[in-house]
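K.L.:
If you scroll down you'll find the structure; I have some questions about it.
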Protein chains: 2
Amino acid sequence: MKLREPLEELAECSLSAALEVMGERWSFLILRASFNGLHHFEEFQATLGIARNILANRLGRLVQHGILARTPMPDDRRKIEYRLTQKGSELLPSMLALRQWGEKWESGFPSTPVLVDARDNQPIRRIAIHSHDGRELPYNELLWMHTEDVKPLGQTTVQLVSKAA
Amino acid sequence: MKLREPLEELAECSLSAALEVMGERWSFLILRASFNGLHHFEEFQATLGIARNILANRLGRLVQHGILARTPMPDDRRKIEYRLTQKGSELLPSMLALRQWGEKWESGFPSTPVLVDARDNQPIRRIAIHSHDGRELPYNELLWMHTEDVKPLGQTTVQLVSKAA
DNA sequence: GGTTGCAAGTTGCAACTAGAAACTTATAAT
DNA sequence: ATTATAAGTTTCTAGTTGCAACTTGCAACC
């Protein structure tokens with residue numbers, strides 16, 4: 001019931017690990033539906049139009065991986081509630097980044113619903129890459145480095161290296 | 001050669017549109033390899049361990065969708081170079097967000113190589129959600145709203161609504 | 001307390017997709 | 001010409017998805 005070997009093998013990169021969980025067809029759309037307040041099997045089934053067996057399978061996997069929590073409702077125990085865990089809700093930036101990219105390059109129009117700051121109801125800023133001191137970094141001001149060559153800057157220590165030192 | 005119907009059907013959300021392109025097995029890993037400087041078929045094949053037919057298929061799709069550009073090298077025309085387009089490089093935030101999530105919740109260790117600010121070689125900040133005025137917003141300070149209910153704030157107009165007004 | 005109803009799954013089967021390994025094609029090196 | 005190499009194709013097997021019909025566990029109703 002898990003992805004075939006190679007993705008795991010290369011798990012030198014945690015991207016593979018993330019894809020192991022979220023990289024299957026429908027997983028992200030189920031997640032999106034969860035963010036939008038759907039909680040039950042039949043709701044997912046009806047709004048996504050996904051086959052029931054696949055939905056059952058994906059919900060099961062998402063629960064196994066701790067992204068959704070499965071609870072039978074106390075008042076009607078036929079109904080099962082699927083709710084995002086902390087781990088699950090932390091996929092929101094990934095989901096948004098993907099969605100924003102889709103808006104810009106594929107669909108061309110803004111998606112609904114839109115995520116806003118609860119304080120002033122203003123839409124959030126576009127997801128972007130920021131330097132440690134908060135500047136927004138365009139692609140051409142970025143560099144890939146090996147972890148061990150990164151020297152921390154006194155104040156804002158990158159605790160990755162501190163163990164090796 | 002495209003995903004079966006349902007994903008497209010629901011393209012009310014541009015997430016589906018993004019997944020249509022990037023949601024297949026291997027697509028994101030090929031993208032990651034591109035970001036890390038791989039450009040040729042045999043390089044991808046060797047480092048990812050992907051089957052050749054699938055690799056050919058995925059590269060083809062990524063090229064079709066304008067994420068990679070395919071150019072035979074002028075000095076040795078057997079060699080084909082696959083290079084990220086603008087559209088492709090703008091998937092970096094999505095890729096990083098996913099990778100960071102994987103680091104935190106799945107693999108547990110930081111991935112190599114690490115992305116740094118070219119000016120000071122310091123690692124970038126974690127991808128997060130920001131308000132229009134730049135505050136970092138935790139999950140519980142966010143709200144979903146219908147696009148048409150969002151009222152722009154004079155100065156920072158959200159041009160989505162301007163057409164309807 | 002037996003029948004009907006409904007939510008959440010399972011099962012069975014057809015169609016499609018991925019993987020491994022051998023084969024082809026175009027170009028280049030000797 | 002002959003051999004080598006990059007980038008694919010082909011073939012064949014195994015695994016996955018999708019649909020539709022079926023089961024199961026609880027709830028409601030009479």
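Ordering of the structure tokens sets the chain letters (A, B, ...); residue numbers start at 1 within each chain; ligands are numbered from 1 in the order shown.
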Which residues in stretch 35-106 of chain B does DSSP call alpha helix (DSSP H)? List them as number ranges by chain.
P.N.:
B: 35, 41-48, 52-64, 86-89, 92-102
K.L.:
Generate the output file for the selected residues, N, CA and C atoms, as an mmCIF file, in the first residue's frame.
P.N.:
data_model
loop_
_atom_site.group_PDB
_atom_site.id
_atom_site.type_symbol
_atom_site.label_atom_id
_atom_site.label_comp_id
_atom_site.auth_asym_id
_atom_site.auth_seq_id
_atom_site.Cartn_x
_atom_site.Cartn_y
_atom_site.Cartn_z
ATOM 1 N N PHE B 35 16.557 21.763 -10.439
ATOM 2 C CA PHE B 35 17.007 22.852 -9.575
ATOM 3 C C PHE B 35 18.428 22.614 -9.108
ATOM 4 N N PHE B 41 19.298 13.663 -19.833
ATOM 5 C CA PHE B 41 18.556 12.422 -19.648
ATOM 6 C C PHE B 41 19.309 11.426 -18.767
ATOM 7 N N GLU B 42 20.529 11.142 -19.127
ATOM 8 C CA GLU B 42 21.263 10.103 -18.405
ATOM 9 C C GLU B 42 21.579 10.525 -16.967
ATOM 10 N N GLU B 43 21.742 11.828 -16.768
ATOM 11 C CA GLU B 43 21.954 12.320 -15.400
ATOM 12 C C GLU B 43 20.721 12.069 -14.535
ATOM 13 N N PHE B 44 19.573 12.444 -15.071
ATOM 14 C CA PHE B 44 18.340 12.202 -14.330
ATOM 15 C C PHE B 44 18.179 10.712 -14.065
ATOM 16 N N GLN B 45 18.394 9.943 -15.121
ATOM 17 C CA GLN B 45 18.168 8.504 -15.011
ATOM 18 C C GLN B 45 19.054 7.913 -13.920
ATOM 19 N N ALA B 46 20.325 8.294 -13.956
ATOM 20 C CA ALA B 46 21.255 7.712 -12.998
ATOM 21 C C ALA B 46 20.966 8.173 -11.570
ATOM 22 N N THR B 47 20.703 9.456 -11.369
ATOM 23 C CA THR B 47 20.542 9.914 -9.989
ATOM 24 C C THR B 47 19.178 9.584 -9.411
ATOM 25 N N LEU B 48 18.147 9.544 -10.248
ATOM 26 C CA LEU B 48 16.831 9.250 -9.694
ATOM 27 C C LEU B 48 16.506 7.759 -9.706
ATOM 28 N N ARG B 52 13.592 4.287 -17.730
ATOM 29 C CA ARG B 52 13.855 5.171 -18.879
ATOM 30 C C ARG B 52 12.594 5.593 -19.601
ATOM 31 N N ASN B 53 11.671 4.684 -19.755
ATOM 32 C CA ASN B 53 10.451 5.054 -20.477
ATOM 33 C C ASN B 53 9.653 6.101 -19.711
ATOM 34 N N ILE B 54 9.583 5.939 -18.410
ATOM 35 C CA ILE B 54 8.850 6.902 -17.603
ATOM 36 C C ILE B 54 9.550 8.243 -17.629
ATOM 37 N N LEU B 55 10.872 8.200 -17.523
ATOM 38 C CA LEU B 55 11.627 9.451 -17.570
ATOM 39 C C LEU B 55 11.365 10.178 -18.884
ATOM 40 N N ALA B 56 11.428 9.447 -19.990
ATOM 41 C CA ALA B 56 11.178 10.062 -21.300
ATOM 42 C C ALA B 56 9.785 10.683 -21.315
ATOM 43 N N ASN B 57 8.833 9.935 -20.806
ATOM 44 C CA ASN B 57 7.455 10.426 -20.764
ATOM 45 C C ASN B 57 7.321 11.686 -19.918
ATOM 46 N N ARG B 58 7.913 11.684 -18.724
ATOM 47 C CA ARG B 58 7.786 12.838 -17.834
ATOM 48 C C ARG B 58 8.490 14.050 -18.389
ATOM 49 N N LEU B 59 9.709 13.850 -18.912
ATOM 50 C CA LEU B 59 10.417 14.982 -19.494
ATOM 51 C C LEU B 59 9.576 15.568 -20.613
ATOM 52 N N GLY B 60 8.990 14.697 -21.425
ATOM 53 C CA GLY B 60 8.124 15.171 -22.507
ATOM 54 C C GLY B 60 6.974 16.020 -21.996
ATOM 55 N N ARG B 61 6.335 15.540 -20.958
ATOM 56 C CA ARG B 61 5.212 16.290 -20.396
ATOM 57 C C ARG B 61 5.653 17.624 -19.822
ATOM 58 N N LEU B 62 6.776 17.598 -19.105
ATOM 59 C CA LEU B 62 7.256 18.843 -18.511
ATOM 60 C C LEU B 62 7.616 19.846 -19.596
ATOM 61 N N VAL B 63 8.152 19.351 -20.697
ATOM 62 C CA VAL B 63 8.468 20.241 -21.818
ATOM 63 C C VAL B 63 7.172 20.766 -22.437
ATOM 64 N N GLN B 64 6.235 19.879 -22.698
ATOM 65 C CA GLN B 64 4.931 20.295 -23.244
ATOM 66 C C GLN B 64 4.286 21.386 -22.416
ATOM 67 N N GLN B 86 11.220 29.987 -16.871
ATOM 68 C CA GLN B 86 10.699 30.871 -15.817
ATOM 69 C C GLN B 86 9.556 30.170 -15.079
ATOM 70 N N LYS B 87 8.621 29.672 -15.857
ATOM 71 C CA LYS B 87 7.475 28.968 -15.289
ATOM 72 C C LYS B 87 7.919 27.828 -14.373
ATOM 73 N N GLY B 88 8.914 27.097 -14.824
ATOM 74 C CA GLY B 88 9.439 26.002 -14.018
ATOM 75 C C GLY B 88 10.099 26.499 -12.753
ATOM 76 N N SER B 89 10.918 27.543 -12.849
ATOM 77 C CA SER B 89 11.624 27.967 -11.635
ATOM 78 C C SER B 89 10.669 28.548 -10.611
ATOM 79 N N LEU B 92 9.696 26.753 -7.415
ATOM 80 C CA LEU B 92 10.610 26.592 -6.290
ATOM 81 C C LEU B 92 9.932 26.746 -4.925
ATOM 82 N N PRO B 93 9.098 27.771 -4.722
ATOM 83 C CA PRO B 93 8.460 27.860 -3.407
ATOM 84 C C PRO B 93 7.636 26.615 -3.060
ATOM 85 N N SER B 94 6.904 26.092 -4.020
ATOM 86 C CA SER B 94 6.126 24.882 -3.761
ATOM 87 C C SER B 94 7.044 23.738 -3.354
ATOM 88 N N MET B 95 8.121 23.613 -4.095
ATOM 89 C CA MET B 95 9.034 22.519 -3.846
ATOM 90 C C MET B 95 9.653 22.644 -2.455
ATOM 91 N N LEU B 96 10.067 23.864 -2.126
ATOM 92 C CA LEU B 96 10.688 24.084 -0.824
ATOM 93 C C LEU B 96 9.710 23.867 0.316
ATOM 94 N N ALA B 97 8.489 24.341 0.133
ATOM 95 C CA ALA B 97 7.502 24.190 1.198
ATOM 96 C C ALA B 97 7.281 22.704 1.480
ATOM 97 N N LEU B 98 7.172 21.951 0.425
ATOM 98 C CA LEU B 98 6.974 20.515 0.557
ATOM 99 C C LEU B 98 8.181 19.865 1.220
ATOM 100 N N ARG B 99 9.347 20.278 0.809
ATOM 101 C CA ARG B 99 10.563 19.714 1.348
ATOM 102 C C ARG B 99 10.729 20.053 2.831
ATOM 103 N N GLN B 100 10.407 21.296 3.164
ATOM 104 C CA GLN B 100 10.530 21.702 4.566
ATOM 105 C C GLN B 100 9.550 20.930 5.432
ATOM 106 N N TRP B 101 8.360 20.720 4.896
ATOM 107 C CA TRP B 101 7.383 19.928 5.640
ATOM 108 C C TRP B 101 7.920 18.512 5.840
ATOM 109 N N GLY B 102 8.486 17.961 4.797
ATOM 110 C CA GLY B 102 9.066 16.621 4.889
ATOM 111 C C GLY B 102 10.180 16.546 5.919
#
K.L.:
Do you know which residues are at most 9 Å from stretch 13-21 of chain C counting only C-alpha atoms (C1' of nucleotides), after dropping those on the same chain fewer than 3 positions away, and could you put them as a ChimeraX atom specification?
P.N.:
/B:50-51,53-54 /D:13-18
K.L.:
Which chain A residues have any atom within 12 Å of an atom of chain D, and for each, what is the nearest pair of atoms with distance in Å to one decimal, counting only C-alpha atoms (C1' of nucleotides), rows sorted by chain and number, as a Markdown table?
P.N.:
| residue | atom | partner | partner_atom | distance |
| --- | --- | --- | --- | --- |
| A:Met1 | CA | D:DT16 | C1' | 10.1 |
| A:Lys2 | CA | D:DG15 | C1' | 11.2 |
| A:Leu3 | CA | D:DG15 | C1' | 10.2 |
| A:Arg4 | CA | D:DG15 | C1' | 9.2 |
| A:Glu24 | CA | D:DT16 | C1' | 10.6 |
| A:Arg25 | CA | D:DT17 | C1' | 9.4 |
| A:Trp26 | CA | D:DT17 | C1' | 11.0 |
| A:Gly49 | CA | D:DG18 | C1' | 10.9 |
| A:Ile50 | CA | D:DG18 | C1' | 8.5 |
| A:Ala51 | CA | D:DG18 | C1' | 6.2 |
| A:Arg52 | CA | D:DC19 | C1' | 9.1 |
| A:Asn53 | CA | D:DG18 | C1' | 8.7 |
| A:Ile54 | CA | D:DT17 | C1' | 7.6 |
| A:Leu55 | CA | D:DT17 | C1' | 11.0 |
| A:Asn57 | CA | D:DT17 | C1' | 11.3 |
| A:Pro72 | CA | D:DC26 | C1' | 11.1 |
| A:Met73 | CA | D:DC26 | C1' | 11.5 |
| A:Pro74 | CA | D:DC26 | C1' | 11.7 |
| A:Asp75 | CA | D:DA27 | C1' | 10.1 |
| A:Asp76 | CA | D:DA27 | C1' | 7.5 |
| A:Arg77 | CA | D:DC26 | C1' | 6.5 |
| A:Arg78 | CA | D:DC26 | C1' | 5.5 |
| A:Lys79 | CA | D:DC26 | C1' | 9.2 |
| A:Ile80 | CA | D:DC26 | C1' | 11.8 |
K.L.:
Given the selection you just returned, output its residues as a file containing C-alpha atoms, formatted as an mmCIF file, in the first residue's frame.
P.N.:
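part-v9.cif, freshly written:
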data_model
loop_
_atom_site.group_PDB
_atom_site.id
_atom_site.type_symbol
_atom_site.label_atom_id
_atom_site.label_comp_id
_atom_site.auth_asym_id
_atom_site.auth_seq_id
_atom_site.Cartn_x
_atom_site.Cartn_y
_atom_site.Cartn_z
ATOM 1 C CA MET A 1 0.000 0.000 0.000
ATOM 2 C CA LYS A 2 2.975 2.364 -0.216
ATOM 3 C CA LEU A 3 4.715 3.814 -3.219
ATOM 4 C CA ARG A 4 7.078 1.449 -4.917
ATOM 5 C CA GLU A 24 -0.442 10.269 -4.811
ATOM 6 C CA ARG A 25 -3.323 11.259 -6.997
ATOM 7 C CA TRP A 26 -6.106 12.887 -4.975
ATOM 8 C CA GLY A 49 -16.176 13.032 -7.564
ATOM 9 C CA ILE A 50 -13.526 10.531 -6.546
ATOM 10 C CA ALA A 51 -14.241 6.798 -6.651
ATOM 11 C CA ARG A 52 -15.299 5.446 -3.268
ATOM 12 C CA ASN A 53 -12.626 2.794 -3.002
ATOM 13 C CA ILE A 54 -9.875 5.257 -3.811
ATOM 14 C CA LEU A 55 -11.287 7.753 -1.347
ATOM 15 C CA ASN A 57 -7.823 4.165 0.537
ATOM 16 C CA PRO A 72 -16.667 8.548 14.876
ATOM 17 C CA MET A 73 -19.104 11.280 15.885
ATOM 18 C CA PRO A 74 -20.417 10.709 19.420
ATOM 19 C CA ASP A 75 -24.050 11.561 18.588
ATOM 20 C CA ASP A 76 -24.269 9.417 15.464
ATOM 21 C CA ARG A 77 -21.585 6.821 15.354
ATOM 22 C CA ARG A 78 -22.170 5.977 11.704
ATOM 23 C CA LYS A 79 -20.663 9.319 10.868
ATOM 24 C CA ILE A 80 -16.913 9.522 10.875
#
K.L.:
Kindly determine which residues of chain B lie within 7 Å of chain A, considering only C-alpha atoms, and give the answer as an NGL selection string.
P.N.:
:B and (6 or 12-15 or 17-18 or 23 or 25 or 49 or 87 or 91 or 93-94 or 97-99 or 101-103 or 105-107 or 111-118 or 121-125 or 127-132 or 141-147 or 150)
K.L.:
Those same residues - C-alpha atoms - I'd like them written as a PDB file, in the first residue's frame.
P.N.:
ATOM      1  CA  PRO B   6     -11.894  14.175 -12.629  1.00  0.00           C
ATOM      2  CA  GLU B  12     -12.734  25.463 -10.284  1.00  0.00           C
ATOM      3  CA  CYS B  13      -9.621  25.333  -8.134  1.00  0.00           C
ATOM      4  CA  SER B  14      -6.293  26.073  -9.696  1.00  0.00           C
ATOM      5  CA  LEU B  15      -4.746  23.511  -7.409  1.00  0.00           C
ATOM      6  CA  ALA B  17      -4.559  22.698 -12.645  1.00  0.00           C
ATOM      7  CA  ALA B  18      -1.193  22.639 -10.914  1.00  0.00           C
ATOM      8  CA  GLY B  23       0.920  15.771  -9.661  1.00  0.00           C
ATOM      9  CA  ARG B  25       4.814  10.419  -9.765  1.00  0.00           C
ATOM     10  CA  GLY B  49      16.874   5.583 -10.640  1.00  0.00           C
ATOM     11  CA  LYS B  87       7.475  28.968 -15.289  1.00  0.00           C
ATOM     12  CA  LEU B  91       7.729  26.153  -8.709  1.00  0.00           C
ATOM     13  CA  PRO B  93       8.460  27.860  -3.407  1.00  0.00           C
ATOM     14  CA  SER B  94       6.126  24.882  -3.761  1.00  0.00           C
ATOM     15  CA  ALA B  97       7.502  24.190   1.198  1.00  0.00           C
ATOM     16  CA  LEU B  98       6.974  20.515   0.557  1.00  0.00           C
ATOM     17  CA  ARG B  99      10.563  19.714   1.348  1.00  0.00           C
ATOM     18  CA  TRP B 101       7.383  19.928   5.640  1.00  0.00           C
ATOM     19  CA  GLY B 102       9.066  16.621   4.889  1.00  0.00           C
ATOM     20  CA  GLU B 103      12.078  17.639   6.948  1.00  0.00           C
ATOM     21  CA  TRP B 105       7.421  15.751   9.871  1.00  0.00           C
ATOM     22  CA  GLU B 106       8.863  12.864   7.952  1.00  0.00           C
ATOM     23  CA  SER B 107      12.591  12.567   7.463  1.00  0.00           C
ATOM     24  CA  SER B 111      18.090  18.031   3.217  1.00  0.00           C
ATOM     25  CA  THR B 112      21.175  18.794   1.198  1.00  0.00           C
ATOM     26  CA  PRO B 113      21.837  20.963  -0.669  1.00  0.00           C
ATOM     27  CA  VAL B 114      20.481  23.917   1.209  1.00  0.00           C
ATOM     28  CA  LEU B 115      19.225  27.093  -0.416  1.00  0.00           C
ATOM     29  CA  VAL B 116      21.024  30.249   0.689  1.00  0.00           C
ATOM     30  CA  ASP B 117      20.867  33.961   0.038  1.00  0.00           C
ATOM     31  CA  ALA B 118      23.600  34.646  -2.528  1.00  0.00           C
ATOM     32  CA  ASN B 121      25.384  32.672   2.136  1.00  0.00           C
ATOM     33  CA  GLN B 122      22.859  32.400   4.918  1.00  0.00           C
ATOM     34  CA  PRO B 123      20.100  29.815   4.620  1.00  0.00           C
ATOM     35  CA  ILE B 124      16.719  31.153   3.638  1.00  0.00           C
ATOM     36  CA  ARG B 125      13.882  31.524   6.081  1.00  0.00           C
ATOM     37  CA  ILE B 127       8.431  29.268   3.894  1.00  0.00           C
ATOM     38  CA  ALA B 128       5.412  30.724   5.665  1.00  0.00           C
ATOM     39  CA  ILE B 129       2.192  32.587   5.179  1.00  0.00           C
ATOM     40  CA  HIS B 130       2.353  36.369   5.453  1.00  0.00           C
ATOM     41  CA  SER B 131      -0.301  39.033   5.734  1.00  0.00           C
ATOM     42  CA  HIS B 132      -0.486  41.728   3.062  1.00  0.00           C
ATOM     43  CA  GLU B 141      -5.159  33.717  12.428  1.00  0.00           C
ATOM     44  CA  LEU B 142      -6.369  32.772   8.991  1.00  0.00           C
ATOM     45  CA  LEU B 143      -9.814  32.686   7.492  1.00  0.00           C
ATOM     46  CA  TRP B 144     -11.265  31.486   4.212  1.00  0.00           C
ATOM     47  CA  MET B 145     -13.484  33.961   2.389  1.00  0.00           C
ATOM     48  CA  HIS B 146     -15.307  34.017  -0.902  1.00  0.00           C
ATOM     49  CA  THR B 147     -13.417  36.154  -3.374  1.00  0.00           C
ATOM     50  CA  VAL B 150     -13.078  40.569   0.056  1.00  0.00           C
TER      51      VAL B 150
END
K.L.:
Using DSSP assignments from the backbone, pull out every residue in stretch 18-140 of chain A that falls under strand (DSSP E or B) and give it to me as a count of residues only.
P.N.:
17
K.L.:
Can you tell me how far atom CA of B:Ala69 sits from atom CA of B:Tyr82, in Å to one decimal?
P.N.:
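Result for atom CA of B:Ala69 versus atom CA of B:Tyr82: 5.5 Å, one decimal.
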K.L.:
Report, in Å to a single decimal, how far apart atom C1' of C:DG9 and atom CA of A:Leu68 are.
P.N.:
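Going from atom CA of A:Leu68 over to atom C1' of C:DG9 covers 17.1 Å.
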K.L.:
Quick one, how far is atom CA of A:Leu31 from atom CA of A:Leu84?
P.N.:
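So the two atoms, atom CA of A:Leu31 and atom CA of A:Leu84, lie 8.2 Å apart.
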K.L.:
Under the rule of at most 9 Å, produce a per-residue listing of chain C near chain A: chain, number, name, the closest pair of atoms, and the distance in Å, as CSV, using only C-alpha atoms (C1' of nucleotides).
P.N.:
residue,atom,partner,partner_atom,distance
C:DC6,C1',A:Arg78,CA,8.7
C:DA7,C1',A:Arg78,CA,5.6
C:DA8,C1',A:Phe41,CA,6.8
C:DG9,C1',A:Ala56,CA,6.9
C:DT10,C1',A:Asn53,CA,7.7
K.L.:
Create the file for the chosen residues now, containing N, CA and C atoms (P, O5', C5', C4', C3', O3' and C1' of nucleotides) and written as a CSV table (one decimal), in the first residue's frame.
P.N.:
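Written file, selection18.csv:
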chain,number,residue,atom,x,y,z
C,6,DC,P,-32.3,7.7,3.3
C,6,DC,O5',-30.9,8.0,3.9
C,6,DC,C5',-30.7,8.3,5.3
C,6,DC,C4',-29.3,7.8,5.7
C,6,DC,C3',-28.2,8.0,4.6
C,6,DC,O3',-27.1,8.6,5.2
C,6,DC,C1',-28.1,5.9,5.4
C,7,DA,P,-26.1,9.5,4.4
C,7,DA,O5',-24.8,9.5,5.2
C,7,DA,C5',-24.8,9.4,6.6
C,7,DA,C4',-23.6,8.7,7.1
C,7,DA,C3',-22.3,8.9,6.2
C,7,DA,O3',-21.2,9.1,7.1
C,7,DA,C1',-22.9,6.6,6.2
C,8,DA,P,-19.8,9.4,6.6
C,8,DA,O5',-19.2,7.9,6.4
C,8,DA,C5',-18.9,7.2,7.6
C,8,DA,C4',-18.4,5.8,7.2
C,8,DA,C3',-17.2,5.8,6.3
C,8,DA,O3',-16.3,4.8,6.8
C,8,DA,C1',-18.9,4.4,5.4
C,9,DG,P,-14.7,5.0,6.6
C,9,DG,O5',-14.7,4.7,5.0
C,9,DG,C5',-14.1,3.6,4.5
C,9,DG,C4',-14.9,2.3,4.8
C,9,DG,C3',-14.3,1.2,4.0
C,9,DG,O3',-13.9,0.1,4.8
C,9,DG,C1',-16.6,1.3,3.6
C,10,DT,P,-12.7,-0.9,4.4
C,10,DT,O5',-13.4,-2.2,3.9
C,10,DT,C5',-14.3,-2.2,2.9
C,10,DT,C4',-14.7,-3.5,2.5
C,10,DT,C3',-13.7,-4.3,1.7
C,10,DT,O3',-14.0,-5.7,1.8
C,10,DT,C1',-15.4,-3.5,0.3
